[in-house]
$ cat protein.cif   # mmCIF, C-alpha atoms and all ligand atoms
data_target
#
loop_
_atom_site.group_PDB
_atom_site.id
_atom_site.type_symbol
_atom_site.label_atom_id
_atom_site.label_comp_id
_atom_site.auth_asym_id
_atom_site.auth_seq_id
_atom_site.Cartn_x
_atom_site.Cartn_y
_atom_site.Cartn_z
ATOM 1 C CA MET L 1 16.659 11.283 -8.198
ATOM 2 C CA ASP L 2 15.735 14.899 -8.857
ATOM 3 C CA LYS L 3 12.338 16.435 -9.400
ATOM 4 C CA TYR L 4 12.985 17.488 -12.933
ATOM 5 C CA ASN L 5 12.184 14.214 -14.602
ATOM 6 C CA THR L 6 9.679 14.349 -17.411
ATOM 7 C CA ARG L 7 7.092 11.688 -18.078
ATOM 8 C CA ALA L 8 9.620 10.115 -20.471
ATOM 9 C CA THR L 9 12.754 10.355 -18.331
ATOM 10 C CA ILE L 10 11.164 9.190 -15.061
ATOM 11 C CA GLU L 11 11.103 5.715 -16.628
ATOM 12 C CA ASN L 12 14.908 5.756 -16.776
ATOM 13 C CA THR L 13 15.308 6.341 -13.033
ATOM 14 C CA THR L 14 16.707 3.206 -11.378
ATOM 15 C CA LEU L 15 15.149 1.765 -8.233
ATOM 16 C CA TRP L 16 18.333 2.636 -6.321
ATOM 17 C CA GLU L 17 18.134 6.282 -7.471
ATOM 18 C CA THR L 18 14.570 6.571 -6.148
ATOM 19 C CA LEU L 19 15.839 5.870 -2.614
ATOM 20 C CA PHE L 20 17.474 9.307 -2.536
ATOM 21 C CA VAL L 21 16.415 12.807 -3.554
ATOM 22 C CA VAL L 22 18.411 15.917 -4.354
ATOM 23 C CA THR L 23 17.237 18.968 -2.408
ATOM 24 C CA LYS L 24 16.994 22.506 -3.843
ATOM 25 C CA ASP L 25 20.456 23.324 -2.451
ATOM 26 C CA GLY L 26 21.920 20.276 -4.163
ATOM 27 C CA LYS L 27 22.207 18.010 -1.118
ATOM 28 C CA LYS L 28 21.327 14.331 -1.358
ATOM 29 C CA LYS L 29 18.960 12.941 1.290
ATOM 30 C CA PRO L 30 16.978 9.731 1.798
ATOM 31 C CA SER L 31 13.668 9.736 -0.065
ATOM 32 C CA ILE L 32 10.210 8.963 1.317
ATOM 33 C CA ARG L 33 10.498 5.555 -0.372
ATOM 34 C CA PHE L 34 13.720 4.952 1.593
ATOM 35 C CA TRP L 35 11.927 5.657 4.892
ATOM 36 C CA ARG L 36 8.913 3.573 3.858
ATOM 37 C CA TRP L 37 11.107 0.588 3.116
ATOM 38 C CA CYS L 38 12.903 1.101 6.463
ATOM 39 C CA SER L 39 9.489 1.122 8.143
ATOM 40 C CA ILE L 40 8.449 -2.173 6.493
ATOM 41 C CA ILE L 41 11.774 -3.848 7.293
ATOM 42 C CA GLY L 42 11.719 -2.434 10.848
ATOM 43 C CA VAL L 43 8.208 -3.782 11.562
ATOM 44 C CA HIS L 44 9.188 -7.262 10.416
ATOM 45 C CA LEU L 45 12.470 -7.139 12.285
ATOM 46 C CA LEU L 46 10.492 -6.440 15.454
ATOM 47 C CA PHE L 47 8.220 -9.438 14.738
ATOM 48 C CA PHE L 48 11.280 -11.617 14.076
ATOM 49 C CA LEU L 49 13.200 -10.525 17.182
ATOM 50 C CA SER L 50 10.136 -10.720 19.425
ATOM 51 C CA TYR L 51 9.717 -14.371 18.435
ATOM 52 C CA HIS L 52 13.358 -15.473 18.261
ATOM 53 C CA ILE L 53 14.966 -13.629 21.179
ATOM 54 C CA ASP L 54 11.794 -13.017 23.186
ATOM 55 C CA LEU L 55 11.990 -9.242 22.709
ATOM 56 C CA GLN L 56 8.242 -9.040 23.518
ATOM 57 C CA MET L 57 7.642 -5.816 21.600
ATOM 58 C CA LEU L 58 5.633 -6.968 18.584
ATOM 59 C CA GLU L 59 4.370 -10.531 18.971
ATOM 60 C CA GLY L 60 2.320 -12.547 16.478
ATOM 61 C CA THR L 61 1.989 -11.811 12.754
ATOM 62 C CA LEU L 62 0.504 -9.014 10.648
ATOM 63 C CA SER L 63 -2.902 -10.745 10.799
ATOM 64 C CA GLY L 64 -3.029 -10.590 14.584
ATOM 65 C CA SER L 65 -0.416 -9.255 16.986
ATOM 66 C CA ARG L 66 0.306 -7.563 20.278
ATOM 67 C CA PHE L 67 2.377 -4.362 20.296
ATOM 68 C CA LEU L 68 3.660 -3.627 23.803
ATOM 69 C CA GLY L 69 0.671 -5.548 25.113
ATOM 70 C CA PHE L 70 -1.965 -3.847 22.885
ATOM 71 C CA HIS L 71 -3.980 -6.176 20.653
ATOM 72 C CA LEU L 72 -3.805 -5.375 16.928
ATOM 73 C CA ILE L 73 -6.000 -7.350 14.514
ATOM 74 C CA ASP L 74 -6.278 -6.976 10.768
ATOM 75 C CA PRO L 75 -9.862 -5.776 10.097
ATOM 76 C CA TYR L 76 -10.407 -8.134 7.145
ATOM 77 C CA MET L 77 -9.344 -11.060 9.353
ATOM 78 C CA THR L 78 -12.056 -10.042 11.824
ATOM 79 C CA LEU L 79 -14.654 -9.833 9.046
ATOM 80 C CA GLN L 80 -13.666 -13.319 7.874
ATOM 81 C CA VAL L 81 -13.918 -14.709 11.416
ATOM 82 C CA PHE L 82 -17.386 -13.184 11.747
ATOM 83 C CA ALA L 83 -18.477 -14.546 8.363
ATOM 84 C CA ALA L 84 -17.171 -18.024 9.167
ATOM 85 C CA HIS L 85 -18.150 -18.361 12.848
ATOM 86 C CA HIS L 86 -20.913 -15.712 13.219
ATOM 87 C CA GLU L 87 -19.279 -14.293 16.346
ATOM 88 C CA ILE L 88 -16.225 -12.179 17.170
ATOM 89 C CA PRO L 89 -14.181 -12.796 20.358
ATOM 90 C CA THR L 90 -13.687 -9.688 22.516
ATOM 91 C CA ASN L 91 -9.910 -9.440 21.966
ATOM 92 C CA LEU L 92 -10.516 -9.417 18.202
ATOM 93 C CA ILE L 93 -12.960 -6.520 18.592
ATOM 94 C CA ILE L 94 -10.476 -4.573 20.745
ATOM 95 C CA GLY L 95 -7.598 -5.242 18.322
ATOM 96 C CA THR L 96 -9.662 -4.316 15.276
ATOM 97 C CA VAL L 97 -10.963 -1.078 16.794
ATOM 98 C CA THR L 98 -7.388 -0.124 17.747
ATOM 99 C CA ILE L 99 -6.195 -0.707 14.179
ATOM 100 C CA ILE L 100 -9.138 1.181 12.650
ATOM 101 C CA LEU L 101 -8.553 4.183 14.932
ATOM 102 C CA GLY L 102 -4.815 4.134 14.143
ATOM 103 C CA TYR L 103 -5.342 4.091 10.391
ATOM 104 C CA LEU L 104 -8.118 6.683 10.591
ATOM 105 C CA LEU L 105 -5.393 8.980 11.895
ATOM 106 C CA LEU L 106 -2.501 7.837 9.703
ATOM 107 C CA GLY L 107 -4.347 7.120 6.436
ATOM 108 C CA GLY L 108 -6.022 3.803 5.577
ATOM 109 C CA ARG L 109 -3.809 2.393 2.843
ATOM 110 C CA ALA L 110 -0.708 3.773 4.514
ATOM 111 C CA TYR L 111 -0.668 0.129 5.633
ATOM 112 C CA CYS L 112 0.127 -0.845 2.016
ATOM 113 C CA SER L 113 3.068 1.532 1.629
ATOM 114 C CA TRP L 114 4.514 1.622 5.124
ATOM 115 C CA VAL L 115 3.796 -1.804 6.663
ATOM 116 C CA CYS L 116 2.892 -4.512 4.137
ATOM 117 C CA PRO L 117 5.854 -6.715 3.086
ATOM 118 C CA TYR L 118 4.249 -7.497 -0.260
ATOM 119 C CA GLY L 119 3.993 -3.750 -0.893
ATOM 120 C CA LEU L 120 7.800 -3.591 -0.958
ATOM 121 C CA ILE L 121 8.143 -6.728 -3.122
ATOM 122 C CA GLY L 122 5.416 -5.366 -5.426
ATOM 123 C CA GLU L 123 7.372 -2.139 -5.948
ATOM 124 C CA ILE L 124 10.383 -4.141 -7.119
ATOM 125 C CA GLY L 125 8.125 -6.210 -9.423
ATOM 126 C CA GLU L 126 6.602 -2.984 -10.749
ATOM 127 C CA LYS L 127 10.018 -1.659 -11.732
ATOM 128 C CA LEU L 128 10.867 -4.936 -13.528
ATOM 129 C CA HIS L 129 7.481 -4.865 -15.278
ATOM 130 C CA LYS L 130 7.940 -1.285 -16.485
ATOM 131 C CA THR L 131 11.441 -2.081 -17.749
ATOM 132 C CA LEU L 132 10.141 -5.045 -19.766
ATOM 133 C CA VAL L 133 7.297 -2.929 -21.176
ATOM 134 C CA LYS L 134 9.719 -0.148 -22.107
ATOM 135 C CA LYS L 135 11.937 -2.631 -23.940
ATOM 136 C CA LYS L 136 8.794 -3.888 -25.721
ATOM 137 C CA ILE L 137 9.393 -7.435 -24.417
ATOM 138 C CA ILE L 138 5.910 -7.605 -22.841
ATOM 139 C CA LYS L 139 2.659 -5.622 -22.895
ATOM 140 C CA SER L 140 0.910 -4.427 -19.750
ATOM 141 C CA HIS L 141 -2.648 -5.583 -19.078
ATOM 142 C CA PRO L 142 -4.598 -3.106 -16.941
ATOM 143 C CA PHE L 143 -8.065 -3.940 -15.559
ATOM 144 C CA ASN L 144 -10.850 -1.981 -13.920
ATOM 145 C CA HIS L 145 -9.698 -1.298 -10.353
ATOM 146 C CA ASN L 146 -13.250 -1.760 -9.041
ATOM 147 C CA VAL L 147 -12.875 -5.516 -9.576
ATOM 148 C CA LYS L 148 -11.234 -5.555 -6.111
ATOM 149 C CA TYR L 149 -14.654 -5.128 -4.491
ATOM 150 C CA ILE L 150 -15.810 -8.390 -6.103
ATOM 151 C CA PHE L 151 -12.862 -10.276 -4.533
ATOM 152 C CA TRP L 152 -13.530 -8.540 -1.204
ATOM 153 C CA VAL L 153 -17.125 -9.827 -1.111
ATOM 154 C CA LEU L 154 -16.279 -13.195 -2.666
ATOM 155 C CA PHE L 155 -13.786 -14.236 0.039
ATOM 156 C CA LEU L 156 -16.279 -13.288 2.770
ATOM 157 C CA VAL L 157 -18.963 -15.371 1.028
ATOM 158 C CA PHE L 158 -16.504 -18.296 0.838
ATOM 159 C CA ALA L 159 -15.841 -17.959 4.598
ATOM 160 C CA PHE L 160 -19.599 -17.823 5.299
ATOM 161 C CA ILE L 161 -20.371 -20.917 3.223
ATOM 162 C CA SER L 162 -17.378 -23.043 4.270
ATOM 163 C CA GLY L 163 -16.841 -21.957 7.881
ATOM 164 C CA TYR L 164 -13.116 -21.569 7.038
ATOM 165 C CA LEU L 165 -10.954 -18.499 6.511
ATOM 166 C CA VAL L 166 -10.482 -19.381 2.833
ATOM 167 C CA PHE L 167 -8.658 -16.173 1.918
ATOM 168 C CA GLU L 168 -5.859 -16.955 4.372
ATOM 169 C CA VAL L 169 -4.705 -19.756 2.027
ATOM 170 C CA PHE L 170 -4.079 -17.115 -0.666
ATOM 171 C CA ASN L 171 -3.189 -14.154 1.539
ATOM 172 C CA VAL L 172 0.275 -13.213 0.266
ATOM 173 C CA VAL L 173 0.697 -10.740 3.139
ATOM 174 C CA GLY L 174 0.018 -13.394 5.774
ATOM 175 C CA ILE L 175 2.207 -15.940 3.970
ATOM 176 C CA ILE L 176 5.187 -13.564 3.857
ATOM 177 C CA SER L 177 4.644 -12.376 7.422
ATOM 178 C CA ARG L 178 4.542 -15.975 8.759
ATOM 179 C CA SER L 179 7.556 -16.954 6.620
ATOM 180 C CA ILE L 180 9.686 -14.125 7.998
ATOM 181 C CA ILE L 181 8.804 -14.969 11.594
ATOM 182 C CA TYR L 182 8.490 -18.768 11.648
ATOM 183 C CA GLY L 183 10.499 -19.840 8.583
ATOM 184 C CA TRP L 184 10.007 -20.500 4.878
ATOM 185 C CA GLY L 185 7.199 -22.757 3.694
ATOM 186 C CA VAL L 186 5.816 -24.135 0.433
ATOM 187 C CA ALA L 187 3.090 -21.415 0.496
ATOM 188 C CA LEU L 188 5.756 -18.956 -0.627
ATOM 189 C CA SER L 189 5.498 -20.513 -4.106
ATOM 190 C CA PHE L 190 2.072 -18.834 -4.374
ATOM 191 C CA VAL L 191 3.672 -15.485 -3.542
ATOM 192 C CA LEU L 192 6.247 -16.148 -6.253
ATOM 193 C CA ALA L 193 3.457 -16.946 -8.737
ATOM 194 C CA VAL L 194 1.684 -13.656 -7.919
ATOM 195 C CA PHE L 195 4.975 -11.780 -8.269
ATOM 196 C CA LEU L 196 5.629 -13.327 -11.690
ATOM 197 C CA VAL L 197 2.126 -12.415 -12.879
ATOM 198 C CA GLU L 198 2.843 -8.812 -11.854
ATOM 199 C CA VAL L 199 6.252 -8.750 -13.544
ATOM 200 C CA PHE L 200 5.208 -10.374 -16.829
ATOM 201 C CA TYR L 201 1.499 -9.664 -17.219
ATOM 202 C CA SER L 202 -0.240 -6.954 -15.201
ATOM 203 C CA GLN L 203 1.459 -4.184 -13.203
ATOM 204 C CA ARG L 204 0.767 -4.434 -9.435
ATOM 205 C CA ALA L 205 -2.175 -6.772 -10.225
ATOM 206 C CA TRP L 206 -2.545 -8.171 -6.699
ATOM 207 C CA CYS L 207 -2.570 -4.808 -4.922
ATOM 208 C CA ARG L 208 -4.645 -3.024 -7.552
ATOM 209 C CA TYR L 209 -7.271 -5.647 -8.342
ATOM 210 C CA VAL L 210 -7.337 -8.432 -5.750
ATOM 211 C CA CYS L 211 -6.041 -7.885 -2.208
ATOM 212 C CA PRO L 212 -9.033 -7.583 0.191
ATOM 213 C CA LEU L 213 -6.724 -6.254 2.918
ATOM 214 C CA GLY L 214 -5.819 -3.259 0.763
ATOM 215 C CA THR L 215 -9.518 -2.780 -0.073
ATOM 216 C CA THR L 216 -10.463 -2.804 3.622
ATOM 217 C CA TYR L 217 -7.789 -0.227 4.437
ATOM 218 C CA ALA L 218 -9.006 1.815 1.446
ATOM 219 C CA LEU L 219 -12.501 1.884 2.976
ATOM 220 C CA ILE L 220 -10.964 3.156 6.238
ATOM 221 C CA GLY L 221 -8.881 5.647 4.237
ATOM 222 C CA TRP L 222 -11.936 7.536 2.959
ATOM 223 C CA GLY L 223 -12.384 8.992 6.462
ATOM 224 C CA SER L 224 -8.727 9.324 7.425
ATOM 225 C CA ALA L 225 -7.170 12.491 8.820
ATOM 226 C CA THR L 226 -4.030 12.203 6.667
ATOM 227 C CA LYS L 227 -4.252 12.887 2.940
ATOM 228 C CA ILE L 228 -2.297 14.092 -0.060
ATOM 229 C CA LYS L 229 -3.203 17.670 -1.013
ATOM 230 C CA TRP L 230 -3.150 18.955 -4.617
ATOM 231 C CA ASP L 231 -2.898 22.654 -5.462
ATOM 232 C CA ASP L 232 -3.029 24.723 -8.631
ATOM 233 C CA ARG L 233 0.738 25.093 -8.972
ATOM 234 C CA CYS L 234 0.254 21.828 -10.899
ATOM 235 C CA ASP L 235 1.129 22.264 -14.600
ATOM 236 C CA HIS L 236 -0.446 18.943 -15.616
ATOM 237 C CA CYS L 237 2.830 17.309 -16.651
ATOM 238 C CA GLN L 238 1.353 13.985 -15.425
ATOM 239 C CA VAL L 239 4.624 12.646 -14.001
ATOM 240 C CA CYS L 240 2.764 11.887 -10.752
ATOM 241 C CA THR L 241 0.318 9.553 -12.525
ATOM 242 C CA GLN L 242 3.309 7.763 -14.049
ATOM 243 C CA VAL L 243 4.672 6.728 -10.634
ATOM 244 C CA CYS L 244 1.381 6.223 -8.771
ATOM 245 C CA ILE L 245 0.125 2.694 -8.023
ATOM 246 C CA VAL L 246 -3.473 4.024 -8.262
ATOM 247 C CA PRO L 247 -3.296 6.877 -10.827
ATOM 248 C CA HIS L 248 -7.100 7.198 -10.980
ATOM 249 C CA VAL L 249 -7.004 8.950 -7.569
ATOM 250 C CA LEU L 250 -4.889 11.778 -9.002
ATOM 251 C CA GLU L 251 -7.022 12.084 -12.130
ATOM 252 C CA ILE L 252 -10.260 12.302 -10.092
ATOM 253 C CA THR L 253 -8.710 14.933 -7.799
ATOM 254 C CA LYS L 254 -7.736 17.166 -10.705
ATOM 255 C CA LYS L 255 -11.208 16.836 -12.260
ATOM 256 C CA ASN L 256 -12.897 17.608 -8.927
ATOM 257 C CA ALA L 257 -10.718 20.714 -8.431
ATOM 258 C CA ASP L 258 -11.589 21.971 -11.940
ATOM 259 C CA ARG L 259 -15.304 21.270 -11.494
ATOM 260 C CA GLN L 260 -15.454 22.961 -8.089
ATOM 261 C CA GLY L 261 -13.163 25.840 -9.151
ATOM 262 C CA LYS L 262 -10.850 25.125 -6.209
ATOM 263 C CA LYS L 263 -7.184 26.136 -5.962
ATOM 264 C CA GLU L 264 -6.377 23.247 -3.628
ATOM 265 C CA ILE L 265 -8.096 19.996 -2.851
ATOM 266 C CA SER L 266 -7.357 16.806 -0.914
ATOM 267 C CA ILE L 267 -7.189 13.399 -2.523
ATOM 268 C CA MET L 268 -10.317 11.961 -0.967
ATOM 269 C CA SER L 269 -10.106 8.458 -2.443
ATOM 270 C CA GLY L 270 -9.160 5.838 0.115
ATOM 271 C CA ASP L 271 -7.217 4.051 -2.637
ATOM 272 C CA CYS L 272 -4.263 6.444 -2.153
ATOM 273 C CA THR L 273 -1.550 4.553 -0.255
ATOM 274 C CA LEU L 274 0.231 7.715 0.984
ATOM 275 C CA CYS L 275 3.424 6.359 -0.539
ATOM 276 C CA GLY L 276 4.607 9.907 -1.268
ATOM 277 C CA ARG L 277 5.971 9.042 -4.714
ATOM 278 C CA CYS L 278 3.838 11.769 -6.323
ATOM 279 C CA VAL L 279 5.047 14.306 -3.735
ATOM 280 C CA GLU L 280 8.646 13.456 -4.523
ATOM 281 C CA VAL L 281 8.431 13.698 -8.320
ATOM 282 C CA CYS L 282 6.272 16.847 -8.521
ATOM 283 C CA HIS L 283 8.564 19.570 -9.874
ATOM 284 C CA THR L 284 6.113 22.377 -8.961
ATOM 285 C CA ASP L 285 5.585 21.148 -5.368
ATOM 286 C CA ALA L 286 1.843 20.996 -6.055
ATOM 287 C CA LEU L 287 1.420 17.742 -4.131
ATOM 288 C CA ASN L 288 2.076 17.500 -0.400
ATOM 289 C CA PHE L 289 1.091 15.524 2.676
ATOM 290 C CA GLU L 290 -1.564 17.170 4.840
ATOM 291 C CA THR L 291 -2.966 16.134 8.180
ATOM 292 C CA LYS L 292 -6.099 17.262 9.919
ATOM 293 C CA LEU L 293 -4.581 16.052 13.207
ATOM 294 C CA LYS L 294 -3.558 19.620 14.100
ATOM 295 C CA LYS L 295 -7.199 20.706 13.915
ATOM 296 C CA LEU L 296 -8.201 17.774 16.118
ATOM 297 C CA ILE L 297 -5.650 18.598 18.831
HETATM 298 S S1 LIG L 301 -2.909 -4.229 -1.465
HETATM 299 FE FE1 LIG L 301 -2.561 -5.974 -0.071
HETATM 300 S S2 LIG L 301 -0.624 -6.902 -0.736
HETATM 301 FE FE2 LIG L 301 -0.774 -4.873 -1.698
HETATM 302 S S3 LIG L 301 0.354 -3.537 -0.360
HETATM 303 FE FE3 LIG L 301 -1.812 -3.419 0.261
HETATM 304 S S4 LIG L 301 -2.088 -4.991 1.848
HETATM 305 FE FE4 LIG L 301 -0.147 -5.379 0.810
HETATM 306 S S1 LIG L 302 -1.571 9.662 -5.044
HETATM 307 FE FE1 LIG L 302 0.597 9.909 -4.488
HETATM 308 S S2 LIG L 302 0.751 9.169 -2.373
HETATM 309 FE FE2 LIG L 302 -1.219 8.409 -3.206
HETATM 310 S S3 LIG L 302 -0.731 6.366 -3.992
HETATM 311 FE FE3 LIG L 302 -0.503 7.813 -5.718
HETATM 312 S S4 LIG L 302 1.685 8.352 -5.715
HETATM 313 FE FE4 LIG L 302 1.238 7.427 -3.713
#
$ encode --input "protein.cif" --output "structure tokens"
Amino acid sequence: MDKYNTRATIENTTLWETLFVVTKDGKKKPSIRFWRWCSIIGVHLLFFLSYHIDLQMLEGTLSGSRFLGFHLIDPYMTLQVFAAHHEIPTNLIIGTVTIILGYLLLGGRAYCSWVCPYGLIGEIGEKLHKTLVKKKIIKSHPFNHNVKYIFWVLFLVFAFISGYLVFEVFNVVGIISRSIIYGWGVALSFVLAVFLVEVFYSQRAWCRYVCPLGTTYALIGWGSATKIKWDDRCDHCQVCTQVCIVPHVLEITKKNADRQGKKEISIMSGDCTLCGRCVEVCHTDALNFETKLKKLI
């Protein structure tokens, strides 16, 4: 893939082509997407090997695990436990704080792009969806992205009323994580149903409009030290919004820069997954990763 795709031609890029980029001196190198997918596969390989050959590096599942002895707990899991049982065990607090601190440094929804197994599956579904739309076989059905906050509250209310972690029945991330580690189960049919909805009806519907895990990491992401930075080399070709899972974050950033008369500005929205797709397709190099970690050190 090279950077000189237009809004029209970017649609013709195959998924395979997006795993590599051509540098200015004409060399081909692995893309950010390639490294993200390696990261997702690597994390789950560690889970798998820790369970099956007692590697003891990353034990448990994505909902709750121990990495080299450190507790790691998904923050939305902890909220559900609190809603259902009105108390949080100490190891859950330690694991949740560790995860929150980690993602405050790395970027909240970096979890979605660099760790979540459904994130990878969703990207494949997204490509199939766009191909079907382009061939005019289906129409896409976008919704208001703020609907995700309703699901976020709703599943906590369900846990509070029932005393059960109701969302875990539908949690595609947990289902896939458990299936990879402990073996396939009938729950995977729900994941397949979600995938088919995304392919044939609404692009990335689960991640954009439903998943409370993504929403929780988005809330963490507002305060994170790692962001995407936009600068005024941008010529408004809009190719970045074409490839972005949450294009509203790029549109808001541009508007904020114009309103504040700034030449560069960070994407403040926690919805950005730091997938780096916009960075890779920007032909003016106006989008880049930035980290405030250097200032902290
Ligand atoms: S929104 Fe949920 S399912 Fe989608 S990538 Fe993020 S955590 Fe995974
Ligand atoms: S703004 Fe860029 S890095 Fe953030 S989600 Fe969109 S494409 Fe990915």
$ residues_near_ligand --input "protein.cif" --ligand "ligand LIG 301 (chain L)" --cutoff "9 Å" --atoms "all atoms listed in the file" --output "MDAnalysis selection string"
chainID L and resid 109:122 171:173 204:218 273
$ resolve_selection --input "protein.cif" --expression "the PyMOL selection byres (((chain L and resi 16) around 12) and not hetatm)" --output "PyMOL selection string"
chain L and resi 1+12-15+17-21+30-31+33-34+123-124+127
$ axis_aligned_box --input "protein.cif" --around "ligand LIG 302 (chain L)" --padding-each-side "5 Å" --output "JSON"
{"center_x": 0.1, "center_y": 8.1, "center_z": -4.0, "size_x": 13.3, "size_y": 13.5, "size_z": 13.3}
$ closest_residue --input "protein.cif" --among "L:Ile245, L:Cys272, L:Ile176, L:Met77" --to "Thr226 (chain L)" --atoms "all atoms listed in the file"
L:Cys272
$ resolve_selection --input "protein.cif" --expression "the PyMOL selection byres (((chain L and resi 266) around 9) and not hetatm)" --output "JSON, numbers by chain"
{"L": [227, 228, 229, 230, 231, 253, 264, 265, 267, 268, 269, 290]}
$ residues_near_ligand --input "protein.cif" --ligand "ligand LIG 302 (chain L)" --cutoff "6 Å" --atoms "all atoms listed in the file" --output "tab-separated table (two decimals) with C-alpha atoms, keeping the file's coordinate frame"
chain	number	residue	atom	x	y	z
L	243	VAL	CA	4.67	6.73	-10.63
L	244	CYS	CA	1.38	6.22	-8.77
L	245	ILE	CA	0.12	2.69	-8.02
L	246	VAL	CA	-3.47	4.02	-8.26
L	247	PRO	CA	-3.30	6.88	-10.83
L	250	LEU	CA	-4.89	11.78	-9.00
L	272	CYS	CA	-4.26	6.44	-2.15
L	273	THR	CA	-1.55	4.55	-0.26
L	274	LEU	CA	0.23	7.72	0.98
L	275	CYS	CA	3.42	6.36	-0.54
L	276	GLY	CA	4.61	9.91	-1.27
L	277	ARG	CA	5.97	9.04	-4.71
L	278	CYS	CA	3.84	11.77	-6.32
